[in-house]
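Student: Got a structure for you, start-v6.cif, holding mmCIF, C-alpha atoms.
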```
data_final
loop_
_atom_site.label_atom_id
_atom_site.label_comp_id
_atom_site.auth_asym_id
_atom_site.auth_seq_id
_atom_site.Cartn_x
_atom_site.Cartn_y
_atom_site.Cartn_z
CA MET I 1 133.74 57.86 61.51
CA ALA I 2 133.72 54.07 61.30
CA ILE I 3 130.32 52.39 60.88
CA HIS I 4 130.27 48.76 61.99
CA TYR I 5 127.97 46.11 60.62
CA GLN I 6 127.88 42.32 60.71
CA GLU I 7 125.70 41.10 57.84
CA ASN I 8 123.41 43.82 56.48
CA ALA I 9 125.76 45.57 54.06
CA SER I 10 122.95 47.46 52.31
CA ALA I 11 121.72 49.01 55.56
CA ALA I 12 125.29 49.96 56.46
CA ALA I 13 125.76 51.59 53.06
CA GLU I 14 122.51 53.51 53.55
CA THR I 15 123.76 54.75 56.92
CA GLN I 16 127.01 55.79 55.29
CA LYS I 17 125.15 57.82 52.64
CA LEU I 18 122.97 59.48 55.26
CA CYS I 19 126.06 60.52 57.22
CA GLU I 20 127.70 61.89 54.10
CA SER I 21 124.58 63.87 53.24
CA VAL I 22 124.67 65.81 56.52
CA ALA I 23 128.44 66.12 56.91
CA THR I 24 129.51 69.69 57.57
CA ASP I 25 133.12 69.16 56.51
CA PRO I 26 133.95 67.78 53.04
CA ASN I 27 137.01 66.11 54.56
CA GLN I 28 134.94 63.94 56.86
CA LYS I 29 135.19 60.24 56.14
CA PHE I 30 132.62 57.55 56.86
CA GLU I 31 134.06 54.07 56.48
CA LEU I 32 132.32 50.72 56.82
CA VAL I 33 133.90 47.99 58.93
CA GLN I 34 132.47 44.48 58.93
CA GLY I 35 132.73 41.87 61.66
CA ASN I 36 131.01 39.71 64.25
CA LEU I 37 131.26 41.29 67.69
CA ALA I 38 130.91 37.88 69.30
CA SER I 39 134.26 36.90 67.79
CA SER I 40 137.49 37.99 69.47
CA ALA I 41 139.36 37.98 66.16
CA ASP I 42 136.69 40.08 64.47
CA ARG I 43 136.64 42.60 67.32
CA GLU I 44 140.38 43.10 67.01
CA LEU I 45 140.05 43.48 63.25
CA ILE I 46 137.25 46.05 63.62
CA PHE I 47 139.33 48.01 66.09
CA ASP I 48 142.60 47.80 64.18
CA GLU I 49 140.99 48.75 60.86
CA THR I 50 139.33 51.77 62.45
CA VAL I 51 142.53 53.08 64.04
CA ALA I 52 144.52 52.38 60.87
CA THR I 53 142.01 54.28 58.73
CA PHE I 54 141.61 57.32 60.96
CA GLY I 55 144.85 57.28 62.92
CA ARG I 56 143.00 57.71 66.18
CA LEU I 57 139.92 56.79 68.21
CA ASP I 58 138.18 59.54 70.14
CA ALA I 59 134.90 57.79 70.92
CA LEU I 60 133.18 54.41 70.85
CA VAL I 61 129.40 54.05 70.68
CA ASN I 62 128.30 50.51 71.51
CA ASN I 63 125.02 50.32 69.61
CA ALA I 64 124.97 46.72 68.39
CA GLY I 65 122.20 44.50 69.60
CA ILE I 66 120.00 41.58 68.62
CA ALA I 67 116.76 40.20 69.96
CA PRO I 68 116.19 36.47 70.44
CA ARG I 69 115.41 34.77 67.15
CA LEU I 70 112.37 33.28 68.87
CA ARG I 71 110.56 34.84 71.79
CA ALA I 72 110.00 32.12 74.37
CA ASP I 73 108.96 31.96 77.99
CA ILE I 74 112.00 31.76 80.26
CA THR I 75 111.05 28.18 81.08
CA GLU I 76 111.70 27.37 77.41
CA THR I 77 114.75 29.54 76.63
CA SER I 78 117.41 27.53 74.85
CA GLU I 79 121.09 27.72 75.69
CA GLU I 80 121.81 28.45 72.03
CA SER I 81 119.61 31.56 72.10
CA TYR I 82 121.07 32.65 75.43
CA ASP I 83 124.65 32.30 74.20
CA GLU I 84 123.98 34.12 70.93
CA VAL I 85 122.22 37.11 72.49
CA MET I 86 124.67 37.47 75.35
CA SER I 87 127.70 37.16 73.06
CA VAL I 88 126.55 39.92 70.71
CA ASN I 89 124.81 42.25 73.17
CA LEU I 90 127.12 41.99 76.19
CA LYS I 91 130.36 40.14 75.56
CA GLY I 92 131.08 41.94 72.28
CA PRO I 93 130.63 45.52 73.54
CA TYR I 94 132.40 44.75 76.82
CA PHE I 95 135.58 43.53 75.16
CA LEU I 96 135.45 46.06 72.34
CA SER I 97 135.35 48.71 75.06
CA GLN I 98 138.37 47.04 76.62
CA LEU I 99 140.30 47.54 73.38
CA ALA I 100 139.27 51.19 73.31
CA ALA I 101 140.14 51.74 76.97
CA ARG I 102 143.61 50.26 76.53
CA HIS I 103 144.19 52.48 73.52
CA TRP I 104 143.12 55.58 75.42
CA LEU I 105 145.26 54.74 78.42
CA ASN I 106 148.22 54.47 76.05
CA HIS I 107 147.37 57.82 74.46
CA PRO I 108 146.52 60.17 77.35
CA ASN I 109 145.49 63.72 76.50
CA GLY I 110 145.17 62.81 72.84
CA CYS I 111 141.44 63.33 72.40
CA ARG I 112 140.02 66.10 70.23
CA LEU I 113 136.56 65.97 71.81
CA PRO I 114 135.67 68.44 74.58
CA GLY I 115 135.93 66.73 77.94
CA GLY I 116 138.01 63.81 76.74
CA TYR I 117 137.38 60.40 75.24
CA LYS I 118 133.77 59.14 75.14
CA LEU I 119 132.52 55.61 75.73
CA ILE I 120 128.78 55.14 75.23
CA PHE I 121 126.61 52.08 75.80
CA ILE I 122 123.18 51.99 74.14
CA THR I 123 121.12 49.73 76.40
CA SER I 124 117.33 49.49 76.73
CA ILE I 125 114.50 49.86 79.21
CA SER I 126 114.84 46.08 79.32
CA ALA I 127 117.87 46.67 81.56
CA ASP I 128 115.42 47.02 84.46
CA THR I 129 112.07 46.01 82.98
CA ALA I 130 111.34 42.28 83.08
CA SER I 131 110.05 40.66 79.88
CA ILE I 132 109.68 36.95 80.53
CA SER I 133 109.40 36.13 76.83
CA ARG I 134 112.94 37.36 76.15
CA GLY I 135 114.87 36.89 79.35
CA GLU I 136 118.24 36.58 77.63
CA TYR I 137 117.77 40.02 76.06
CA CYS I 138 116.91 41.59 79.43
CA LEU I 139 119.96 39.98 81.05
CA SER I 140 122.24 41.25 78.28
CA LYS I 141 121.02 44.82 78.69
CA ALA I 142 121.20 44.70 82.49
CA GLY I 143 124.77 43.46 82.17
CA LEU I 144 125.57 46.26 79.75
CA ALA I 145 124.24 48.79 82.26
CA MET I 146 126.71 47.44 84.82
CA ALA I 147 129.48 47.52 82.20
CA CYS I 148 128.88 51.26 81.93
CA GLN I 149 129.32 51.66 85.68
CA LEU I 150 132.50 49.57 85.67
CA TRP I 151 134.17 51.41 82.82
CA ALA I 152 133.06 54.79 84.19
CA THR I 153 134.71 53.98 87.51
CA ARG I 154 137.89 52.73 85.85
CA LEU I 155 138.29 55.65 83.45
CA ALA I 156 136.95 58.58 85.46
CA ASN I 157 140.40 59.95 86.27
CA GLN I 158 141.93 58.92 82.96
CA GLY I 159 140.46 61.56 80.67
CA ALA I 160 137.46 59.53 79.51
CA GLN I 161 133.73 59.86 80.12
CA VAL I 162 131.33 56.91 80.05
CA PHE I 163 127.57 57.09 79.57
CA GLU I 164 124.61 54.76 79.25
CA ILE I 165 121.79 55.81 76.95
CA ARG I 166 118.66 53.81 77.78
CA PRO I 167 116.07 53.93 74.97
CA GLY I 168 112.46 52.97 75.41
CA ILE I 169 110.08 51.57 72.80
CA MET I 170 111.82 52.46 69.57
CA GLU I 171 110.54 52.25 66.01
CA THR I 172 113.24 50.08 64.43
CA ASP I 173 113.58 46.89 62.43
CA MET I 174 113.71 44.98 65.72
CA THR I 175 110.20 46.08 66.69
CA SER I 176 108.58 45.97 63.25
CA GLY I 177 106.98 42.59 63.95
CA VAL I 178 105.16 43.86 67.06
CA LYS I 179 104.22 47.33 65.83
CA GLU I 180 100.44 46.88 66.04
CA LYS I 181 100.71 45.55 69.59
CA TYR I 182 102.74 48.53 70.77
CA ASP I 183 100.67 51.02 68.79
CA ARG I 184 97.76 50.01 71.02
CA LEU I 185 99.80 50.03 74.22
CA ILE I 186 101.27 53.45 73.48
CA ALA I 187 97.82 54.84 72.68
CA ASP I 188 96.63 53.45 76.02
CA GLY I 189 99.35 55.32 77.91
CA LEU I 190 102.26 52.90 78.18
CA VAL I 191 104.49 55.77 77.05
CA PRO I 192 103.47 59.07 78.71
CA GLN I 193 104.52 61.11 75.66
CA LYS I 194 102.29 58.82 73.57
CA ARG I 195 104.60 58.16 70.65
CA TRP I 196 107.23 55.74 69.45
CA GLY I 197 110.85 56.63 69.99
CA LYS I 198 112.85 57.36 66.85
CA PRO I 199 116.49 56.55 66.08
CA GLU I 200 117.17 60.28 65.88
CA ASP I 201 116.06 60.65 69.52
CA VAL I 202 118.97 58.44 70.53
CA GLY I 203 121.23 60.16 68.02
CA ARG I 204 120.63 63.56 69.59
CA ALA I 205 121.57 62.20 73.01
CA VAL I 206 124.82 60.83 71.56
CA GLU I 207 125.47 64.17 69.87
CA ALA I 208 125.05 66.05 73.14
CA ILE I 209 127.63 63.80 74.82
CA MET I 210 130.08 64.15 71.94
CA LYS I 211 129.80 67.95 72.05
CA GLY I 212 130.77 67.95 75.72
CA TYR I 213 127.47 69.20 77.13
CA PHE I 214 127.99 67.12 80.30
CA PRO I 215 131.51 68.07 81.35
CA PHE I 216 131.16 67.09 85.03
CA SER I 217 129.36 63.78 84.51
CA THR I 218 130.30 60.16 83.98
CA GLY I 219 128.54 56.86 84.57
CA GLU I 220 125.19 58.58 84.03
CA VAL I 221 122.09 56.85 82.68
CA ILE I 222 120.31 59.03 80.13
CA THR I 223 116.79 57.77 79.54
CA VAL I 224 115.31 58.27 76.08
CA ASP I 225 111.97 56.60 76.68
CA GLY I 226 109.20 59.21 76.45
CA GLY I 227 108.66 59.00 80.20
CA PHE I 228 108.21 55.22 80.38
CA HIS I 229 110.30 55.05 83.56
CA LEU I 230 107.93 57.46 85.33
CA ARG I 231 105.21 54.82 85.38
CA ARG I 232 107.04 52.99 88.15
CA LEU I 233 107.61 56.01 90.40
#
```
Rewrite the structure from the file as structure tokens, please.

Tutor:
Amino acid sequence: MAIHYQENASAAAETQKLCESVATDPNQKFELVQGNLASSADRELIFDETVATFGRLDALVNNAGIAPRLRADITETSEESYDEVMSVNLKGPYFLSQLAARHWLNHPNGCRLPGGYKLIFITSISADTASISRGEYCLSKAGLAMACQLWATRLANQGAQVFEIRPGIMETDMTSGVKEKYDRLIADGLVPQKRWGKPEDVGRAVEAIMKGYFPFSTGEVITVDGGFHLRRL
């Protein structure tokens, strides 16, 4: 498995060690690949290094994402912030998926996963929940949701499944600065299950897809949000 990172090498190395600690096969490899997804040259390098190392690509999980460096009302959003967030969160995964799709189309019936190749987009409840203090982030995730639909339609009869996993309020580095705020909101019922989401909640959803537990599905949105979406029904 290739683990991509842009700048935080120590976090990537920690992820690598965690993967190695739970590996069930001593022959499994977990390699780090560095690059900026906003850069076309870096995307090609990430892709080429991965295929060269493993000799194949059975699945791509688009999990990269950044929040605006400064939360600002949409009347104050800068073009620099907009371009940075959209380039990393939307442009990067879209064109990295294009590289994967081309590879799969050139290698039909070559996947070792049950049900065929897997393309996964990790989005956010911000794909359809408006947050006016980070409009560029919401737009990037809404665009990524449509990217899932586009690639699912294109690849449905080509031996590849495409899924969107839509997490809710997750306990990650990105939300560490607003933890107290969301602790109160969650306690007050913002999340029906009354807890933060954990990275492993998303990981289990990815695992289920990889194991082929949805053989007659593609283009599906899998919510991992503790029931947050139910509040609007």

Student: Restricting the calculation to only C-alpha atoms: of I:Arg184, I:Asp83, I:Glu220, I:Arg69, which residue gets closest to I:Cys148?

Tutor: I:Glu220

Student: Just to confirm, what's the straight-line distance from atom CA of I:Ala142 to atom CA of I:Thr129 in Å (one decimal)?

Tutor: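 Interatomic distance, atom CA of I:Ala142 to atom CA of I:Thr129: 9.2 Å.
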
Student: For this file, the PyMOL selection byres ((chain I and resi 59) around 6) selects which residues, as a ChimeraX atom specification?

Tutor: /I:57-58,60,117-119

Student: Report as JSON, numbers by chain the residues that result from applying the PyMOL selection byres ((chain I and resi 158-160) around 6) to the structure here.

Tutor: {"I": [116, 117, 118, 155, 156, 157, 161]}

Student: Next, dump the selected residues to file, keeping only C-alpha atoms, as a short mmCIF file (atom, residue, chain, number, x, y, z; two decimals), in the frame of the given file.

Tutor:
```cif
data_model
loop_
_atom_site.label_atom_id
_atom_site.label_comp_id
_atom_site.auth_asym_id
_atom_site.auth_seq_id
_atom_site.Cartn_x
_atom_site.Cartn_y
_atom_site.Cartn_z
CA GLY I 116 138.01 63.81 76.74
CA TYR I 117 137.38 60.40 75.24
CA LYS I 118 133.77 59.14 75.14
CA LEU I 155 138.29 55.65 83.45
CA ALA I 156 136.95 58.58 85.46
CA ASN I 157 140.40 59.95 86.27
CA GLN I 161 133.73 59.86 80.12
#
```

Student: Can you pull out every residue within 12 Å of I:Pro192, counting all atoms listed in the file, but drop anything in the same chain fewer than 2 positions away, and send it as a PDB file with C-alpha atoms, in the coordinates of the input?

Tutor:
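Saved to result-v7.pdb:
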```
ATOM      1  CA  GLY I 168     112.460  52.970  75.410  1.00  0.00           C
ATOM      2  CA  ILE I 169     110.080  51.570  72.800  1.00  0.00           C
ATOM      3  CA  LEU I 185      99.800  50.030  74.220  1.00  0.00           C
ATOM      4  CA  ILE I 186     101.270  53.450  73.480  1.00  0.00           C
ATOM      5  CA  ALA I 187      97.820  54.840  72.680  1.00  0.00           C
ATOM      6  CA  ASP I 188      96.630  53.450  76.020  1.00  0.00           C
ATOM      7  CA  GLY I 189      99.350  55.320  77.910  1.00  0.00           C
ATOM      8  CA  LEU I 190     102.260  52.900  78.180  1.00  0.00           C
ATOM      9  CA  LYS I 194     102.290  58.820  73.570  1.00  0.00           C
ATOM     10  CA  ARG I 195     104.600  58.160  70.650  1.00  0.00           C
ATOM     11  CA  TRP I 196     107.230  55.740  69.450  1.00  0.00           C
ATOM     12  CA  GLY I 197     110.850  56.630  69.990  1.00  0.00           C
ATOM     13  CA  ASP I 225     111.970  56.600  76.680  1.00  0.00           C
ATOM     14  CA  GLY I 226     109.200  59.210  76.450  1.00  0.00           C
ATOM     15  CA  GLY I 227     108.660  59.000  80.200  1.00  0.00           C
ATOM     16  CA  PHE I 228     108.210  55.220  80.380  1.00  0.00           C
ATOM     17  CA  HIS I 229     110.300  55.050  83.560  1.00  0.00           C
ATOM     18  CA  LEU I 230     107.930  57.460  85.330  1.00  0.00           C
ATOM     19  CA  ARG I 231     105.210  54.820  85.380  1.00  0.00           C
ATOM     20  CA  ARG I 232     107.040  52.990  88.150  1.00  0.00           C
TER      21      ARG I 232
END
```

Student: The PyMOL selection byres ((chain I and resi 210) around 12) on the file shown: which residues, as a PDB file with C-alpha atoms, keeping the file's coordinate frame?

Tutor:
```pdb
ATOM      1  CA  ASP I  58     138.180  59.540  70.140  1.00  0.00           C
ATOM      2  CA  ALA I  59     134.900  57.790  70.920  1.00  0.00           C
ATOM      3  CA  LEU I  60     133.180  54.410  70.850  1.00  0.00           C
ATOM      4  CA  VAL I  61     129.400  54.050  70.680  1.00  0.00           C
ATOM      5  CA  CYS I 111     141.440  63.330  72.400  1.00  0.00           C
ATOM      6  CA  ARG I 112     140.020  66.100  70.230  1.00  0.00           C
ATOM      7  CA  LEU I 113     136.560  65.970  71.810  1.00  0.00           C
ATOM      8  CA  PRO I 114     135.670  68.440  74.580  1.00  0.00           C
ATOM      9  CA  GLY I 115     135.930  66.730  77.940  1.00  0.00           C
ATOM     10  CA  GLY I 116     138.010  63.810  76.740  1.00  0.00           C
ATOM     11  CA  TYR I 117     137.380  60.400  75.240  1.00  0.00           C
ATOM     12  CA  LYS I 118     133.770  59.140  75.140  1.00  0.00           C
ATOM     13  CA  LEU I 119     132.520  55.610  75.730  1.00  0.00           C
ATOM     14  CA  ILE I 120     128.780  55.140  75.230  1.00  0.00           C
ATOM     15  CA  ALA I 160     137.460  59.530  79.510  1.00  0.00           C
ATOM     16  CA  GLN I 161     133.730  59.860  80.120  1.00  0.00           C
ATOM     17  CA  VAL I 162     131.330  56.910  80.050  1.00  0.00           C
ATOM     18  CA  PHE I 163     127.570  57.090  79.570  1.00  0.00           C
ATOM     19  CA  GLY I 203     121.230  60.160  68.020  1.00  0.00           C
ATOM     20  CA  ARG I 204     120.630  63.560  69.590  1.00  0.00           C
ATOM     21  CA  ALA I 205     121.570  62.200  73.010  1.00  0.00           C
ATOM     22  CA  VAL I 206     124.820  60.830  71.560  1.00  0.00           C
ATOM     23  CA  GLU I 207     125.470  64.170  69.870  1.00  0.00           C
ATOM     24  CA  ALA I 208     125.050  66.050  73.140  1.00  0.00           C
ATOM     25  CA  ILE I 209     127.630  63.800  74.820  1.00  0.00           C
ATOM     26  CA  LYS I 211     129.800  67.950  72.050  1.00  0.00           C
ATOM     27  CA  GLY I 212     130.770  67.950  75.720  1.00  0.00           C
ATOM     28  CA  TYR I 213     127.470  69.200  77.130  1.00  0.00           C
ATOM     29  CA  PHE I 214     127.990  67.120  80.300  1.00  0.00           C
ATOM     30  CA  PRO I 215     131.510  68.070  81.350  1.00  0.00           C
TER      31      PRO I 215
END
```

Student: Write out as a PyMOL selection string the residues lying within 8 Å of I:Ile46, counting only C-alpha atoms and excluding same-chain residues fewer than 5 positions away.

Tutor: chain I and resi 4+33-35

Student: Please produce a file of those selected residues containing C-alpha atoms, as an mmCIF file, keeping the file's coordinate frame.

Tutor:
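Result went into result-v3.cif, see below:
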```cif
data_model
loop_
_atom_site.group_PDB
_atom_site.id
_atom_site.type_symbol
_atom_site.label_atom_id
_atom_site.label_comp_id
_atom_site.auth_asym_id
_atom_site.auth_seq_id
_atom_site.Cartn_x
_atom_site.Cartn_y
_atom_site.Cartn_z
ATOM 1 C CA HIS I 4 130.270 48.760 61.990
ATOM 2 C CA VAL I 33 133.900 47.990 58.930
ATOM 3 C CA GLN I 34 132.470 44.480 58.930
ATOM 4 C CA GLY I 35 132.730 41.870 61.660
#
```

Student: Considering all atoms listed in the file, give me a table of residues in stretch 89-202 of chain I that are at most 12 Å from stretch 49-55 of chain I, with the closest atom pair and distance in Å for each, as a tab-separated table.

Tutor:
```
residue	atom	partner	partner_atom	distance
I:Leu99	CA	I:Val51	CA	11.1
I:Ala100	CA	I:Val51	CA	10.0
I:His103	CA	I:Val51	CA	9.6
I:Trp104	CA	I:Val51	CA	11.7
I:His107	CA	I:Gly55	CA	11.8
I:Gly110	CA	I:Gly55	CA	11.4
I:Cys111	CA	I:Gly55	CA	11.8
```

Student: Quick check, in Å to one decimal: how far apart do atom CA of I:Ala67 and atom CA of I:Glu44 lie?

Tutor: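 Computing it gives 24.0 Å between the two atoms.
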
Student: Just to confirm, what's the straight-line distance from atom CA of I:Arg102 to atom CA of I:Glu7 in Å (one decimal)?

Tutor: 27.5 Å

Student: Nearest to I:Thr223 among I:Leu18, I:Val85, I:Leu139, I:Ala145, with distances taken over only C-alpha atoms: which residue is it?

Tutor: I:Ala145

Student: Edge lengths and centre, in Å to one decimal, as AutoDock Vina command-line options: that's what I need for the box along x, y and z that holds all listed atoms of stretch 142-156 of chain I plus 6 Å on each side.

Tutor:
```
--center_x 129.7 --center_y 51.0 --center_z 83.6 --size_x 29.1 --size_y 27.1 --size_z 19.8
```

Student: In terms of the shortest atom-to-atom distance over all atoms listed in the file, which of I:Arg56, I:Pro108, I:Phe47, I:Glu136 is closest to I:Glu80?

Tutor: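 Comparing I:Arg56, I:Pro108, I:Phe47, I:Glu136 against I:Glu80, the winner is I:Glu136.
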
Student: Measuring between only C-alpha atoms, which one of I:Leu96, I:Leu105, I:Val224, I:Ala147 shows the shortest distance to I:Leu37?

Tutor: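 Of I:Leu96, I:Leu105, I:Val224, I:Ala147, the one nearest I:Leu37 is I:Leu96, counting only C-alpha atoms.
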
Student: What's the 12 Å shell around I:Ser81, counting all atoms listed in the file, without same-chain residues fewer than 2 positions away, as a PyMOL selection string?

Tutor: chain I and resi 66-72+74+76-79+83-89+134-137+140
